[in-house]
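Here is final33.pdb, consisting of PDB, C-alpha atoms:
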ATOM      1  CA  MET A   1     123.714  62.129  81.714
ATOM      2  CA  ASP A   2     120.424  61.547  83.518
ATOM      3  CA  PRO A   3     117.966  59.862  81.099
ATOM      4  CA  VAL A   4     115.042  61.770  79.632
ATOM      5  CA  ILE A   5     111.686  60.130  80.420
ATOM      6  CA  THR A   6     109.354  59.972  77.422
ATOM      7  CA  VAL A   7     105.738  59.329  78.410
ATOM      8  CA  CYS A   8     104.050  57.368  75.612
ATOM      9  CA  LEU A   9     100.459  57.047  76.782
ATOM     10  CA  ASN A  10      98.981  56.193  73.375
ATOM     11  CA  PRO A  11     101.601  54.730  70.990
ATOM     12  CA  ALA A  12     100.739  53.394  67.549
ATOM     13  CA  VAL A  13     101.999  51.439  64.595
ATOM     14  CA  ASP A  14     102.546  53.819  61.696
ATOM     15  CA  ARG A  15     101.904  52.489  58.208
ATOM     16  CA  VAL A  16     103.124  54.646  55.332
ATOM     17  CA  LEU A  17     101.859  53.858  51.830
ATOM     18  CA  GLU A  18     102.716  55.478  48.520
ATOM     19  CA  VAL A  19      99.666  56.052  46.317
ATOM     20  CA  ARG A  20     100.191  57.967  43.077
ATOM     21  CA  ALA A  21      97.489  60.375  41.880
ATOM     22  CA  LEU A  22      95.344  59.683  44.923
ATOM     23  CA  GLN A  23      91.627  60.371  44.378
ATOM     24  CA  PRO A  24      89.008  59.772  47.095
ATOM     25  CA  GLY A  25      86.434  57.166  46.130
ATOM     26  CA  GLN A  26      88.698  55.501  43.556
ATOM     27  CA  SER A  27      90.640  52.239  43.619
ATOM     28  CA  HIS A  28      94.419  52.590  43.600
ATOM     29  CA  ASP A  29      97.514  50.448  43.540
ATOM     30  CA  GLY A  30      99.743  51.292  46.486
ATOM     31  CA  ARG A  31     103.186  50.471  47.799
ATOM     32  CA  ILE A  32     103.988  49.965  51.480
ATOM     33  CA  LEU A  33     106.944  52.184  52.406
ATOM     34  CA  LEU A  34     107.012  51.598  56.134
ATOM     35  CA  SER A  35     105.316  49.798  59.003
ATOM     36  CA  SER A  36     106.867  50.598  62.355
ATOM     37  CA  PRO A  37     106.109  51.261  66.043
ATOM     38  CA  ALA A  38     105.636  55.002  66.503
ATOM     39  CA  GLY A  39     103.519  57.687  68.109
ATOM     40  CA  LYS A  40     104.895  60.987  69.399
ATOM     41  CA  GLY A  41     106.600  59.610  72.496
ATOM     42  CA  ILE A  42     108.195  56.710  70.626
ATOM     43  CA  ASN A  43     109.363  59.039  67.838
ATOM     44  CA  ILE A  44     110.931  61.376  70.403
ATOM     45  CA  SER A  45     112.744  58.495  72.105
ATOM     46  CA  ARG A  46     113.998  57.293  68.717
ATOM     47  CA  ALA A  47     115.269  60.767  67.811
ATOM     48  CA  LEU A  48     116.890  61.264  71.223
ATOM     49  CA  SER A  49     118.708  57.965  70.739
ATOM     50  CA  THR A  50     120.005  59.104  67.346
ATOM     51  CA  LEU A  51     121.328  62.229  69.049
ATOM     52  CA  GLY A  52     123.031  60.186  71.784
ATOM     53  CA  ILE A  53     120.677  61.172  74.619
ATOM     54  CA  PRO A  54     119.836  58.381  77.115
ATOM     55  CA  ASN A  55     116.093  57.996  77.583
ATOM     56  CA  ILE A  56     113.467  55.712  79.066
ATOM     57  CA  ALA A  57     110.161  55.187  77.257
ATOM     58  CA  ILE A  58     107.199  54.467  79.524
ATOM     59  CA  GLY A  59     103.528  54.030  78.726
ATOM     60  CA  PHE A  60     101.250  51.352  77.349
ATOM     61  CA  VAL A  61     101.229  48.988  74.386
ATOM     62  CA  GLY A  62      98.726  46.328  73.420
ATOM     63  CA  ALA A  63      99.647  42.674  73.880
ATOM     64  CA  ASP A  64      99.363  42.126  70.123
ATOM     65  CA  ARG A  65     102.369  44.395  69.456
ATOM     66  CA  TYR A  66     104.328  44.254  72.697
ATOM     67  CA  ASP A  67     107.204  42.108  71.424
ATOM     68  CA  GLU A  68     107.535  44.198  68.276
ATOM     69  CA  PHE A  69     107.773  47.420  70.276
ATOM     70  CA  GLU A  70     110.328  45.931  72.672
ATOM     71  CA  GLN A  71     112.547  44.702  69.851
ATOM     72  CA  THR A  72     112.301  47.988  67.962
ATOM     73  CA  ILE A  73     112.736  50.498  70.782
ATOM     74  CA  ASN A  74     115.513  49.085  72.955
ATOM     75  CA  ASP A  75     118.952  50.139  71.786
ATOM     76  CA  ARG A  76     122.151  51.700  73.086
ATOM     77  CA  TYR A  77     120.452  54.863  74.386
ATOM     78  CA  THR A  78     116.761  53.918  74.736
ATOM     79  CA  ARG A  79     115.340  51.606  77.370
ATOM     80  CA  SER A  80     111.716  50.551  77.032
ATOM     81  CA  GLN A  81     109.578  50.219  80.148
ATOM     82  CA  LEU A  82     106.268  50.091  78.285
ATOM     83  CA  MET A  83     103.487  48.249  80.095
ATOM     84  CA  ARG A  84     101.866  45.338  78.307
ATOM     85  CA  VAL A  85      98.069  45.575  78.438
ATOM     86  CA  GLU A  86      95.234  43.632  76.859
ATOM     87  CA  GLY A  87      93.851  44.971  73.590
ATOM     88  CA  LYS A  88      95.089  45.973  70.175
ATOM     89  CA  THR A  89      97.590  48.743  69.599
ATOM     90  CA  ARG A  90      96.188  51.421  67.326
ATOM     91  CA  GLU A  91      97.419  51.831  63.772
ATOM     92  CA  ASN A  92      97.833  55.133  61.951
ATOM     93  CA  ILE A  93      98.012  55.318  58.167
ATOM     94  CA  THR A  94      99.786  57.913  56.036
ATOM     95  CA  LEU A  95      99.071  58.004  52.302
ATOM     96  CA  ILE A  96     101.825  59.742  50.340
ATOM     97  CA  ASP A  97     101.052  60.980  46.829
ATOM     98  CA  PRO A  98     104.458  61.812  45.264
ATOM     99  CA  GLU A  99     102.841  63.324  42.166
ATOM    100  CA  ALA A 100     100.805  65.854  44.145
ATOM    101  CA  GLY A 101     103.449  66.262  46.847
ATOM    102  CA  GLN A 102     100.816  65.639  49.520
ATOM    103  CA  ALA A 103     100.432  63.337  52.522
ATOM    104  CA  THR A 104      97.071  62.262  53.999
ATOM    105  CA  HIS A 105      97.049  61.137  57.626
ATOM    106  CA  ILE A 106      94.454  58.811  59.164
ATOM    107  CA  ARG A 107      94.580  58.416  62.948
ATOM    108  CA  VAL A 108      92.456  56.066  65.051
ATOM    109  CA  HIS A 109      91.361  55.668  68.673
ATOM    110  CA  GLY A 110      93.787  54.065  71.118
ATOM    111  CA  LEU A 111      93.594  51.524  73.919
ATOM    112  CA  ASP A 112      90.874  51.551  76.573
ATOM    113  CA  LEU A 113      92.749  51.179  79.856
ATOM    114  CA  THR A 114      91.509  49.856  83.174
ATOM    115  CA  GLU A 115      91.825  51.755  86.451
ATOM    116  CA  PRO A 116      94.392  49.282  87.880
ATOM    117  CA  GLU A 117      96.526  49.695  84.738
ATOM    118  CA  ILE A 118      96.466  53.476  85.029
ATOM    119  CA  ASN A 119      97.289  53.326  88.752
ATOM    120  CA  ARG A 120     100.222  51.011  88.081
ATOM    121  CA  PHE A 121     101.547  53.366  85.429
ATOM    122  CA  GLU A 122     101.251  56.368  87.746
ATOM    123  CA  ARG A 123     103.307  54.595  90.392
ATOM    124  CA  LYS A 124     106.039  53.911  87.831
ATOM    125  CA  LEU A 125     105.965  57.522  86.610
ATOM    126  CA  ASN A 126     106.240  58.875  90.160
ATOM    127  CA  LEU A 127     109.323  56.720  90.759
ATOM    128  CA  LEU A 128     111.044  57.923  87.588
ATOM    129  CA  ALA A 129     110.170  61.633  87.886
ATOM    130  CA  ARG A 130     113.049  63.009  89.947
ATOM    131  CA  LYS A 131     114.448  66.447  90.652
ATOM    132  CA  GLY A 132     116.077  67.947  87.571
ATOM    133  CA  ARG A 133     115.129  65.072  85.266
ATOM    134  CA  VAL A 134     113.298  65.955  82.017
ATOM    135  CA  VAL A 135     109.920  64.250  81.605
ATOM    136  CA  VAL A 136     108.264  64.574  78.188
ATOM    137  CA  PHE A 137     104.526  63.942  77.848
ATOM    138  CA  ALA A 138     103.923  63.423  74.145
ATOM    139  CA  GLY A 139     100.962  62.362  72.065
ATOM    140  CA  SER A 140      97.245  61.860  72.449
ATOM    141  CA  LEU A 141      95.503  60.431  75.508
ATOM    142  CA  PRO A 142      94.207  56.842  75.564
ATOM    143  CA  GLY A 143      90.713  55.854  76.621
ATOM    144  CA  ASN A 144      89.894  56.405  80.310
ATOM    145  CA  VAL A 145      92.672  58.970  80.788
ATOM    146  CA  ASP A 146      90.856  62.285  80.763
ATOM    147  CA  CYS A 147      92.392  65.750  80.949
ATOM    148  CA  SER A 148      91.936  65.950  84.716
ATOM    149  CA  ARG A 149      93.895  62.716  85.173
ATOM    150  CA  PHE A 150      96.528  63.945  82.738
ATOM    151  CA  ARG A 151      96.938  67.186  84.686
ATOM    152  CA  SER A 152      97.345  65.209  87.906
ATOM    153  CA  MET A 153     100.181  63.198  86.334
ATOM    154  CA  VAL A 154     101.943  66.382  85.247
ATOM    155  CA  GLU A 155     101.467  68.007  88.656
ATOM    156  CA  ASN A 156     102.986  65.010  90.408
ATOM    157  CA  CYS A 157     106.071  65.241  88.192
ATOM    158  CA  LEU A 158     106.400  68.956  88.907
ATOM    159  CA  ARG A 159     106.136  68.341  92.655
ATOM    160  CA  SER A 160     109.053  65.927  92.374
ATOM    161  CA  GLY A 161     111.183  68.722  90.879
ATOM    162  CA  ALA A 162     111.217  67.279  87.360
ATOM    163  CA  ARG A 163     111.375  69.544  84.310
ATOM    164  CA  VAL A 164     108.212  68.777  82.361
ATOM    165  CA  ALA A 165     107.738  69.173  78.609
ATOM    166  CA  VAL A 166     104.317  68.678  76.981
ATOM    167  CA  ASP A 167     103.528  68.031  73.312
ATOM    168  CA  ALA A 168      99.950  66.827  73.366
ATOM    169  CA  GLY A 169      96.553  67.550  71.856
ATOM    170  CA  PRO A 170      94.595  70.789  72.349
ATOM    171  CA  GLU A 171      92.492  69.598  75.289
ATOM    172  CA  ALA A 172      95.478  68.194  77.175
ATOM    173  CA  LEU A 173      97.501  71.358  76.584
ATOM    174  CA  ARG A 174      94.610  73.483  77.842
ATOM    175  CA  ALA A 175      94.480  71.390  81.000
ATOM    176  CA  VAL A 176      98.081  72.244  81.944
ATOM    177  CA  ARG A 177      98.496  75.730  80.475
ATOM    178  CA  ASP A 178      98.695  77.404  83.904
ATOM    179  CA  LEU A 179     101.384  75.087  85.300
ATOM    180  CA  PRO A 180     105.089  76.061  85.490
ATOM    181  CA  LEU A 181     106.186  73.770  82.673
ATOM    182  CA  TRP A 182     109.737  73.614  81.312
ATOM    183  CA  LEU A 183     108.574  73.429  77.694
ATOM    184  CA  ILE A 184     105.490  73.113  75.490
ATOM    185  CA  LYS A 185     105.298  72.642  71.704
ATOM    186  CA  PRO A 186     101.879  73.543  70.290
ATOM    187  CA  SER A 187     100.986  74.006  66.648
ATOM    188  CA  VAL A 188      99.236  77.240  65.675
ATOM    189  CA  GLU A 189      95.861  75.498  65.954
ATOM    190  CA  GLU A 190      96.755  74.157  69.400
ATOM    191  CA  LEU A 191      97.984  77.601  70.471
ATOM    192  CA  ALA A 192      94.537  79.005  69.665
ATOM    193  CA  ALA A 193      92.934  76.317  71.816
ATOM    194  CA  ILE A 194      95.308  77.011  74.718
ATOM    195  CA  VAL A 195      94.596  80.757  74.805
ATOM    196  CA  ASP A 196      90.889  80.500  73.938
ATOM    197  CA  ALA A 197      91.238  82.973  71.091
ATOM    198  CA  PRO A 198      91.623  82.964  67.307
ATOM    199  CA  VAL A 199      95.222  83.039  66.059
ATOM    200  CA  SER A 200      95.121  84.506  62.576
ATOM    201  CA  GLY A 201      98.662  85.645  61.864
ATOM    202  CA  ASP A 202     102.197  86.313  63.036
ATOM    203  CA  GLU A 203     101.185  89.108  65.399
ATOM    204  CA  ASP A 204      98.771  86.825  67.244
ATOM    205  CA  ILE A 205     101.378  84.058  67.458
ATOM    206  CA  VAL A 206     103.923  86.442  68.967
ATOM    207  CA  ARG A 207     101.412  88.017  71.369
ATOM    208  CA  TYR A 208     100.172  84.731  72.775
ATOM    209  CA  GLY A 209     103.561  83.034  72.671
ATOM    210  CA  LEU A 210     105.014  85.801  74.825
ATOM    211  CA  GLN A 211     101.999  85.592  77.116
ATOM    212  CA  LEU A 212     102.541  81.868  77.699
ATOM    213  CA  SER A 213     106.283  82.333  78.231
ATOM    214  CA  ARG A 214     105.590  84.366  81.367
ATOM    215  CA  SER A 215     104.824  81.142  83.228
ATOM    216  CA  ILE A 216     106.165  78.427  80.904
ATOM    217  CA  HIS A 217     109.946  78.529  80.514
ATOM    218  CA  GLN A 218     110.161  77.655  76.807
ATOM    219  CA  VAL A 219     107.390  77.758  74.189
ATOM    220  CA  LEU A 220     107.936  76.286  70.711
ATOM    221  CA  VAL A 221     105.154  77.036  68.211
ATOM    222  CA  THR A 222     105.218  75.136  64.915
ATOM    223  CA  CYS A 223     103.769  76.672  61.768
ATOM    224  CA  TRP A 224     104.405  73.812  59.331
ATOM    225  CA  ALA A 225     105.920  75.113  56.070
ATOM    226  CA  ALA A 226     106.041  78.645  57.481
ATOM    227  CA  GLY A 227     108.624  77.627  60.087
ATOM    228  CA  ALA A 228     108.402  77.944  63.862
ATOM    229  CA  TYR A 229     108.702  80.363  66.777
ATOM    230  CA  VAL A 230     110.395  80.052  70.130
ATOM    231  CA  PHE A 231     109.554  82.185  73.170
ATOM    232  CA  VAL A 232     111.715  82.331  76.292
ATOM    233  CA  ASP A 233     111.646  84.898  79.132
ATOM    234  CA  GLY A 234     110.054  87.667  77.091
ATOM    235  CA  SER A 235     112.145  87.062  73.964
ATOM    236  CA  ALA A 236     110.840  85.796  70.636
ATOM    237  CA  MET A 237     112.576  84.236  67.643
ATOM    238  CA  LEU A 238     111.321  83.170  64.231
ATOM    239  CA  GLY A 239     112.990  80.193  62.567
ATOM    240  CA  GLN A 240     112.748  78.924  58.989
ATOM    241  CA  VAL A 241     114.499  76.373  56.804
ATOM    242  CA  ASP A 242     114.820  76.972  53.072
ATOM    243  CA  LEU A 243     114.598  73.499  51.532
ATOM    244  CA  GLU A 244     114.656  72.713  47.845
ATOM    245  CA  GLU A 245     111.234  72.280  46.278
ATOM    246  CA  GLY A 246     110.132  68.653  46.254
ATOM    247  CA  LEU A 247     112.561  67.590  48.977
ATOM    248  CA  VAL A 248     109.841  67.211  51.628
ATOM    249  CA  ARG A 249     108.361  63.702  51.469
ATOM    250  CA  SER A 250     106.360  63.445  54.703
ATOM    251  CA  ALA A 251     106.001  65.809  57.647
ATOM    252  CA  VAL A 252     104.791  62.999  59.939
ATOM    253  CA  GLY A 253     107.063  62.924  62.980
ATOM    254  CA  SER A 254     109.066  66.006  61.982
ATOM    255  CA  GLY A 255     107.699  67.936  64.959
ATOM    256  CA  ASP A 256     108.755  65.094  67.245
ATOM    257  CA  CYS A 257     112.297  65.322  65.874
ATOM    258  CA  MET A 258     112.214  69.090  66.374
ATOM    259  CA  LEU A 259     111.309  68.672  70.037
ATOM    260  CA  ALA A 260     113.876  65.931  70.609
ATOM    261  CA  ALA A 261     116.658  67.981  69.004
ATOM    262  CA  PHE A 262     115.742  71.077  71.002
ATOM    263  CA  ILE A 263     115.791  69.127  74.263
ATOM    264  CA  ALA A 264     119.083  67.442  73.337
ATOM    265  CA  ALA A 265     120.698  70.773  72.478
ATOM    266  CA  ARG A 266     119.490  72.455  75.672
ATOM    267  CA  LEU A 267     120.692  69.557  77.802
ATOM    268  CA  GLY A 268     123.993  69.805  75.951
ATOM    269  CA  GLY A 269     124.396  73.415  77.068
ATOM    270  CA  LEU A 270     123.471  75.289  73.885
ATOM    271  CA  ASN A 271     121.651  78.599  74.211
ATOM    272  CA  VAL A 272     118.096  78.976  72.937
ATOM    273  CA  LYS A 273     119.057  80.395  69.545
ATOM    274  CA  GLU A 274     121.481  77.604  68.661
ATOM    275  CA  ALA A 275     119.180  74.927  70.104
ATOM    276  CA  PHE A 276     116.359  76.354  67.976
ATOM    277  CA  ARG A 277     118.519  76.191  64.831
ATOM    278  CA  GLU A 278     119.377  72.563  65.503
ATOM    279  CA  SER A 279     115.749  71.690  66.151
ATOM    280  CA  LEU A 280     114.683  73.312  62.862
ATOM    281  CA  ALA A 281     117.356  71.366  60.988
ATOM    282  CA  ALA A 282     116.250  68.105  62.617
ATOM    283  CA  ALA A 283     112.616  68.724  61.672
ATOM    284  CA  ALA A 284     113.570  69.473  58.073
ATOM    285  CA  ALA A 285     115.832  66.439  57.849
ATOM    286  CA  SER A 286     112.991  64.264  59.146
ATOM    287  CA  ALA A 287     110.512  65.724  56.638
ATOM    288  CA  ALA A 288     112.825  64.658  53.820
ATOM    289  CA  SER A 289     112.349  61.032  54.905
ATOM    290  CA  VAL A 290     109.245  58.837  54.688
ATOM    291  CA  GLN A 291     110.078  57.263  58.043
ATOM    292  CA  PRO A 292     108.210  59.135  60.815
ATOM    293  CA  GLY A 293     110.419  60.458  63.591
ATOM    294  CA  ARG A 294     113.652  59.221  62.032
ATOM    295  CA  ILE A 295     116.631  61.486  61.470
ATOM    296  CA  ASP A 296     120.199  61.157  60.322
ATOM    297  CA  GLU A 297     122.869  63.248  62.052
ATOM    298  CA  GLU A 298     124.660  63.929  58.755
ATOM    299  CA  ALA A 299     121.389  65.127  57.226
ATOM    300  CA  ILE A 300     120.903  67.498  60.156
ATOM    301  CA  ILE A 301     124.373  68.957  59.600
ATOM    302  CA  ASP A 302     123.643  69.433  55.891
ATOM    303  CA  VAL A 303     120.326  71.191  56.575
ATOM    304  CA  LEU A 304     121.754  73.301  59.408
ATOM    305  CA  PHE A 305     123.306  75.678  56.888
ATOM    306  CA  HIS A 306     119.814  76.419  55.577
ATOM    307  CA  ALA A 307     118.266  77.070  58.995
ATOM    308  CA  ASP A 308     117.763  80.758  59.712
ATOM    309  CA  VAL A 309     116.817  82.161  63.127
ATOM    310  CA  GLU A 310     115.747  85.787  63.458
ATOM    311  CA  PRO A 311     115.339  87.435  66.888
ATOM    312  CA  LEU A 312     112.182  89.538  66.944
ATOM    313  CA  ASP A 313     111.911  92.978  68.479
ATOM    314  CA  THR A 314     110.115  92.536  71.815
ATOM    315  CA  GLN A 315     110.040  94.388  75.096
ATOM    316  CA  GLU A 316     112.553  91.984  76.642
ATOM    317  CA  ASP A 317     115.391  90.034  75.089
ATOM    318  CA  ARG A 318     116.826  87.401  77.414
ATOM    319  CA  PRO A 319     117.240  84.262  75.267
ATOM    320  CA  GLU A 320     119.778  82.513  77.504
TER     321      GLU A 320
END

Structure translated into structure tokens:
Amino acid sequence: MDPVITVCLNPAVDRVLEVRALQPGQSHDGRILLSSPAGKGINISRALSTLGIPNIAIGFVGADRYDEFEQTINDRYTRSQLMRVEGKTRENITLIDPEAGQATHIRVHGLDLTEPEINRFERKLNLLARKGRVVVFAGSLPGNVDCSRFRSMVENCLRSGARVAVDAGPEALRAVRDLPLWLIKPSVEELAAIVDAPVSGDEDIVRYGLQLSRSIHQVLVTCWAAGAYVFVDGSAMLGQVDLEEGLVRSAVGSGDCMLAAFIAARLGGLNVKEAFRESLAAAAASAASVQPGRIDEEAIIDVLFHADVEPLDTQEDRPE
């Protein structure tokens, strides 16, 4: 199988701490649950590897964490081609309060790249983006890579014949919304930014999801606890997973696992409905773990029985 290219422009080290009865402004005793290289692109590569999908992770990492990333990422299915640059890799912190069942996320600014570093990366990306190959742009943009530059990177991949998936922030998604992408995965808030309109309920999600699917092949919209939608060729489906109360520990990285599982299932030949079910199960299995972007295949199988996908009544229904 041709490897999936995961573009990790702004990776991070994720620190997950458990803090019981968290109250802002107060001192607390905490417990470190995890400290690991992450970020959307890295999480997607990690999940693809778990699912047996060969992939190459490209992007940037600060010199202070380069060796750690290399040792963590490279495995049987994932090959790291991250570029070592000067500076410190950003760190994100998640505070989990098991008593309240809540997680607080703190994200920080990434690396400030130089023009030669960006040019070097673009040359590497252009070499790897080939006809038919899936290229996934995931995560926030680092310093000095604006939305115009991001769009140019995506356009170059499309010109090569690559199938491009984008799971980025609102501004980056807006910059590429008119391009013939293979897949996008916005949240409801990001969907509103893409279409320049308020999205206040299911009807709005369906309306704008179908609108985007006229030019973008597959649109996954995540709604957190409410589930997710998928839109393909004028068809719409709603997916939900009924998990036991208290099972969810941290939703960090669950969307990355959803995207990875959907891509893996589609590349494996599954139709949209079955790929959507598997992606929902992967997201739920990830949310039951404190480790961002990590999934267990047995856990996915267990959750799969609780994943429900409902085709919605639309003008067209061509989910294949």

Neighbours of region 270-274 of chain A within 10 Å (all atoms listed in the file; same-chain residues fewer than 6 positions away dropped), as a PyMOL selection string?
chain A and resi 218+230-232+236-239+262-264+280+308-311+318-320

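Look at Ser45 (chain A): the protein and nucleic acid residues within 10 Å of it, using only C-alpha atoms and passing over chain neighbours fewer than 5 places away, are A:Val4, A:Ile5, A:Thr6, A:Val7, A:Cys8, A:Ala38, A:Lys40, A:Thr50, A:Leu51, A:Ile53, A:Pro54, A:Asn55, A:Ile56, A:Ala57, A:Ile73, A:Asn74, A:Tyr77, A:Thr78, A:Arg79, A:Ser80, A:Val136, A:Asp256, A:Cys257, A:Ala260, A:Gly293.
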
Nearest to Glu155 (chain A), restricted to only C-alpha atoms and choosing among A:Glu122, A:Glu99, A:Glu18, A:Asp167, comes out as A:Glu122

Give me, please, the distance in Å between CA of Glu70 (chain A) and CA of Arg133 (chain A), quoted to one decimal.
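Answer for the CA of Glu70 (chain A) to CA of Arg133 (chain A) separation: 23.4 Å.
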
Exercise: region 212-214 of chain A partners within 10 Å, only C-alpha atoms, chain neighbours under 2 positions left out, as a ChimeraX atom specification
/A:177-178,180-184,191,194-195,206-210,216-220,230-236

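Excluding Gln240 (chain A) itself and same-chain residues fewer than 3 positions from it, the residues having an atom within 10 Å of it are Cys223, Trp224, Ala225, Ala226, Gly227, Ala228, Tyr229, Leu243, Arg277, Leu280, Ala281, Ala284, His306, Ala307, Asp308, Val309 and Glu310 of chain A, counting all atoms listed in the file.
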